[in-house]
Amino acid sequence: MQITEDQGFGNIVTCDLIGTPQPFFLCRVKNLELYYLNLSYNNSKNDYSYLLLLNGEKLSAQKYKGRIYRDKKDIIEWYNNSILYRDESGDYYILSDNGNLISVFESSLVRPSYYLFTNGKVIPLSYNSYITVANEVDRRGKYQNELIIEILSLDKDDYISFNIQSPFNTTEDFIVNTASLLESTDSYYLLECQLISYSGEKKTVKIKIVPKENSAKIVD
């Protein structure tokens with residue numbers, strides 16, 4: 001298989017495919033199986049990377065700027081049964097459960113949460129906005145007994161952060177096991193979170209966030 005590449009200044013180059021590439025499995029998100037495929041061509045100045053989405057018998061593909069590596073798994077469930085994917089160049093893509101491209105957010109416009117693809121729980125509010133619920137982590141990676149809640153956007157540099165003290169009577173570390181959205185109105189969000197302390201004690205709390213008042217607190 002050959003491609004023709006315009007390398008500028010009137011230099012049109014025919015490039016041959018190197019080897020026989022095979023797709024590699026990344027993960028499964030709901031009813032989608034995700035694979036990546038990297039194509040290399042001799043004399044080419046560009047990378048050709050594809051994310052393959054298999055939904056039953058339907059196969060679709062999306063091309064990305066950066067190369068997709070086997071250990072790169074920045075893929076999470078997103079709003080309205082879609083998925084959010086971050087490629088090697090830092091751009092964000094939202095894909096429907098059928099593999100269709102919904103939105104693209106360039107890395108230069110996105111101020112992502114540190115907790116988006118790490119230990120935080122993510123609650124999408126729309127295709128371009130979300131809440132993260134996580135624990136404060138020190139420089140050594142040790143959990144702290146404080147809860148952090150953030151509200152962010154993928155299409156603008158909006159960022160709101162709240163800190164809530166541990167609901168446990170002790171000062172031991174805890175983790176966020178689950179987080180879900182119970183209510184969403186024009187004035188507030190109501191979350192339900194299950195927390196587990198280091199000793200194994202579990203607490204389910206409700207947290208009310210009022211962005212206009214810049215407040216977030218445990219209400220139950």
# chains A, B, ... in the order shown; residues from 1 in each chain; ligands from 1
call {"tool": "select_by_dssp", "arguments": {"residues": "stretch 110-167 of chain A", "states": "strand (DSSP E)", "output": "compact mmCIF listing (two decimals) with C-alpha atoms, in the first residue's frame"}}
result
# COMPACT_ATOMS: atom_id res chain seq x y z
CA LYS A 121 -13.92 9.76 39.88
CA VAL A 122 -15.29 11.64 36.88
CA ILE A 123 -18.89 12.83 36.47
CA PRO A 124 -19.59 14.29 32.98
CA SER A 129 -17.92 19.89 31.09
CA TYR A 130 -17.37 17.58 34.03
CA ILE A 131 -16.84 17.19 37.77
CA THR A 132 -13.98 15.27 39.36
CA VAL A 133 -14.05 13.92 42.91
CA ALA A 134 -10.72 12.82 44.36
CA ASN A 135 -8.41 12.75 47.36
CA GLU A 136 -5.59 15.14 47.94
CA VAL A 137 -2.32 13.34 47.20
CA TYR A 143 -3.53 9.99 50.12
CA GLN A 144 -4.47 12.81 52.47
CA ASN A 145 -7.61 13.07 54.59
CA GLU A 146 -9.15 15.78 52.43
CA LEU A 147 -11.62 15.60 49.56
CA ILE A 148 -11.13 17.66 46.40
CA ILE A 149 -14.00 18.50 44.05
CA GLU A 150 -13.41 20.27 40.73
CA ILE A 151 -15.68 21.59 37.98
CA LEU A 152 -13.97 22.03 34.60
CA SER A 153 -14.62 22.54 30.88
CA TYR A 159 -11.86 25.92 36.68
CA ILE A 160 -13.54 25.75 40.10
CA SER A 161 -12.07 23.77 43.00
CA PHE A 162 -13.37 22.96 46.48
CA ASN A 163 -11.73 21.27 49.46
CA ILE A 164 -13.80 19.33 52.00
CA GLN A 165 -12.42 17.90 55.23
call {"tool": "residues_around", "arguments": {"residues": "A:Glu192", "least_positions_apart": "4", "cutoff": "6 Å", "atoms": "only C-alpha atoms", "output": "compact mmCIF listing (two decimals) with C-alpha atoms, in the first residue's frame"}}
result
# COMPACT_ATOMS: atom_id res chain seq x y z
CA ALA A 179 -19.22 9.15 42.91
CA SER A 180 -22.48 9.89 41.10
CA VAL A 205 -22.14 11.08 51.87
CA LYS A 206 -24.09 13.62 49.87
call {"tool": "closest_residue", "arguments": {"among": "A:Lys45, A:Arg86, A:Lys212, A:Lys203", "to": "A:Ser166", "atoms": "only C-alpha atoms"}}
result
A:Lys203
call {"tool": "select_by_dssp", "arguments": {"residues": "chain A", "states": "helix (DSSP H, G or I)", "output": "ChimeraX atom specification"}}
result
/A:79-81,107-109,211-213
call {"tool": "write_last_selection", "arguments": {"atoms": "all heavy atoms", "output": "PDB file, in the first residue's frame"}}
result
ATOM      1  N   TYR A  79     -20.098  11.441  28.617  1.00  0.00           N
ATOM      2  CA  TYR A  79     -21.495  11.881  28.651  1.00  0.00           C
ATOM      3  C   TYR A  79     -22.340  11.174  27.589  1.00  0.00           C
ATOM      4  O   TYR A  79     -21.907  10.965  26.464  1.00  0.00           O
ATOM      5  CB  TYR A  79     -21.534  13.403  28.434  1.00  0.00           C
ATOM      6  CG  TYR A  79     -22.900  14.023  28.451  1.00  0.00           C
ATOM      7  CD1 TYR A  79     -23.590  14.179  29.654  1.00  0.00           C
ATOM      8  CD2 TYR A  79     -23.499  14.458  27.281  1.00  0.00           C
ATOM      9  CE1 TYR A  79     -24.838  14.759  29.678  1.00  0.00           C
ATOM     10  CE2 TYR A  79     -24.745  15.050  27.294  1.00  0.00           C
ATOM     11  CZ  TYR A  79     -25.414  15.196  28.497  1.00  0.00           C
ATOM     12  OH  TYR A  79     -26.655  15.773  28.508  1.00  0.00           O
ATOM     13  N   ASN A  80     -23.571  10.808  27.966  1.00  0.00           N
ATOM     14  CA  ASN A  80     -24.549  10.247  27.025  1.00  0.00           C
ATOM     15  C   ASN A  80     -24.000   9.032  26.273  1.00  0.00           C
ATOM     16  O   ASN A  80     -24.117   8.921  25.057  1.00  0.00           O
ATOM     17  CB  ASN A  80     -25.003  11.335  26.040  1.00  0.00           C
ATOM     18  CG  ASN A  80     -26.247  10.936  25.268  1.00  0.00           C
ATOM     19  OD1 ASN A  80     -27.047  10.122  25.742  1.00  0.00           O
ATOM     20  ND2 ASN A  80     -26.412  11.495  24.075  1.00  0.00           N
ATOM     21  N   ASN A  81     -23.377   8.111  27.026  1.00  0.00           N
ATOM     22  CA  ASN A  81     -22.852   6.849  26.480  1.00  0.00           C
ATOM     23  C   ASN A  81     -21.700   7.033  25.499  1.00  0.00           C
ATOM     24  O   ASN A  81     -21.361   6.104  24.758  1.00  0.00           O
ATOM     25  CB  ASN A  81     -23.961   6.037  25.792  1.00  0.00           C
ATOM     26  CG  ASN A  81     -25.009   5.566  26.771  1.00  0.00           C
ATOM     27  OD1 ASN A  81     -24.687   5.152  27.883  1.00  0.00           O
ATOM     28  ND2 ASN A  81     -26.269   5.638  26.377  1.00  0.00           N
ATOM     29  N   SER A 107      -5.349  20.566  22.590  1.00  0.00           N
ATOM     30  CA  SER A 107      -4.638  20.635  23.865  1.00  0.00           C
ATOM     31  C   SER A 107      -4.378  22.072  24.304  1.00  0.00           C
ATOM     32  O   SER A 107      -4.344  22.366  25.499  1.00  0.00           O
ATOM     33  CB  SER A 107      -3.316  19.871  23.773  1.00  0.00           C
ATOM     34  OG  SER A 107      -2.507  20.408  22.730  1.00  0.00           O
ATOM     35  N   SER A 108      -4.206  22.975  23.352  1.00  0.00           N
ATOM     36  CA  SER A 108      -3.916  24.369  23.703  1.00  0.00           C
ATOM     37  C   SER A 108      -5.107  25.056  24.366  1.00  0.00           C
ATOM     38  O   SER A 108      -4.955  26.083  25.025  1.00  0.00           O
ATOM     39  CB  SER A 108      -3.516  25.149  22.448  1.00  0.00           C
ATOM     40  OG  SER A 108      -4.558  25.123  21.490  1.00  0.00           O
ATOM     41  N   LEU A 109      -6.307  24.480  24.199  1.00  0.00           N
ATOM     42  CA  LEU A 109      -7.512  25.089  24.762  1.00  0.00           C
ATOM     43  C   LEU A 109      -7.974  24.402  26.041  1.00  0.00           C
ATOM     44  O   LEU A 109      -8.855  24.905  26.726  1.00  0.00           O
ATOM     45  CB  LEU A 109      -8.653  25.033  23.728  1.00  0.00           C
ATOM     46  CG  LEU A 109      -8.391  25.683  22.377  1.00  0.00           C
ATOM     47  CD1 LEU A 109      -9.576  25.449  21.454  1.00  0.00           C
ATOM     48  CD2 LEU A 109      -8.128  27.176  22.539  1.00  0.00           C
ATOM     49  N   PRO A 211     -22.024  26.559  42.723  1.00  0.00           N
ATOM     50  CA  PRO A 211     -20.919  27.309  42.093  1.00  0.00           C
ATOM     51  C   PRO A 211     -21.005  28.823  42.272  1.00  0.00           C
ATOM     52  O   PRO A 211     -19.982  29.472  42.516  1.00  0.00           O
ATOM     53  CB  PRO A 211     -21.031  26.910  40.619  1.00  0.00           C
ATOM     54  CG  PRO A 211     -21.699  25.570  40.639  1.00  0.00           C
ATOM     55  CD  PRO A 211     -22.672  25.644  41.766  1.00  0.00           C
ATOM     56  N   LYS A 212     -22.215  29.397  42.179  1.00  0.00           N
ATOM     57  CA  LYS A 212     -22.338  30.866  42.270  1.00  0.00           C
ATOM     58  C   LYS A 212     -21.988  31.364  43.657  1.00  0.00           C
ATOM     59  O   LYS A 212     -21.601  32.521  43.815  1.00  0.00           O
ATOM     60  CB  LYS A 212     -23.751  31.278  41.865  1.00  0.00           C
ATOM     61  CG  LYS A 212     -24.055  31.069  40.383  1.00  0.00           C
ATOM     62  CD  LYS A 212     -25.440  31.549  40.012  1.00  0.00           C
ATOM     63  CE  LYS A 212     -25.722  31.346  38.539  1.00  0.00           C
ATOM     64  NZ  LYS A 212     -27.085  31.799  38.160  1.00  0.00           N
ATOM     65  N   GLU A 213     -22.149  30.494  44.650  1.00  0.00           N
ATOM     66  CA  GLU A 213     -21.782  30.877  46.015  1.00  0.00           C
ATOM     67  C   GLU A 213     -20.381  30.410  46.375  1.00  0.00           C
ATOM     68  O   GLU A 213     -19.925  30.610  47.504  1.00  0.00           O
ATOM     69  CB  GLU A 213     -22.798  30.298  47.013  1.00  0.00           C
ATOM     70  CG  GLU A 213     -24.210  30.845  46.845  1.00  0.00           C
ATOM     71  CD  GLU A 213     -25.185  30.227  47.834  1.00  0.00           C
ATOM     72  OE1 GLU A 213     -24.753  29.415  48.678  1.00  0.00           O
ATOM     73  OE2 GLU A 213     -26.379  30.569  47.763  1.00  0.00           O
TER      74      GLU A 213
END
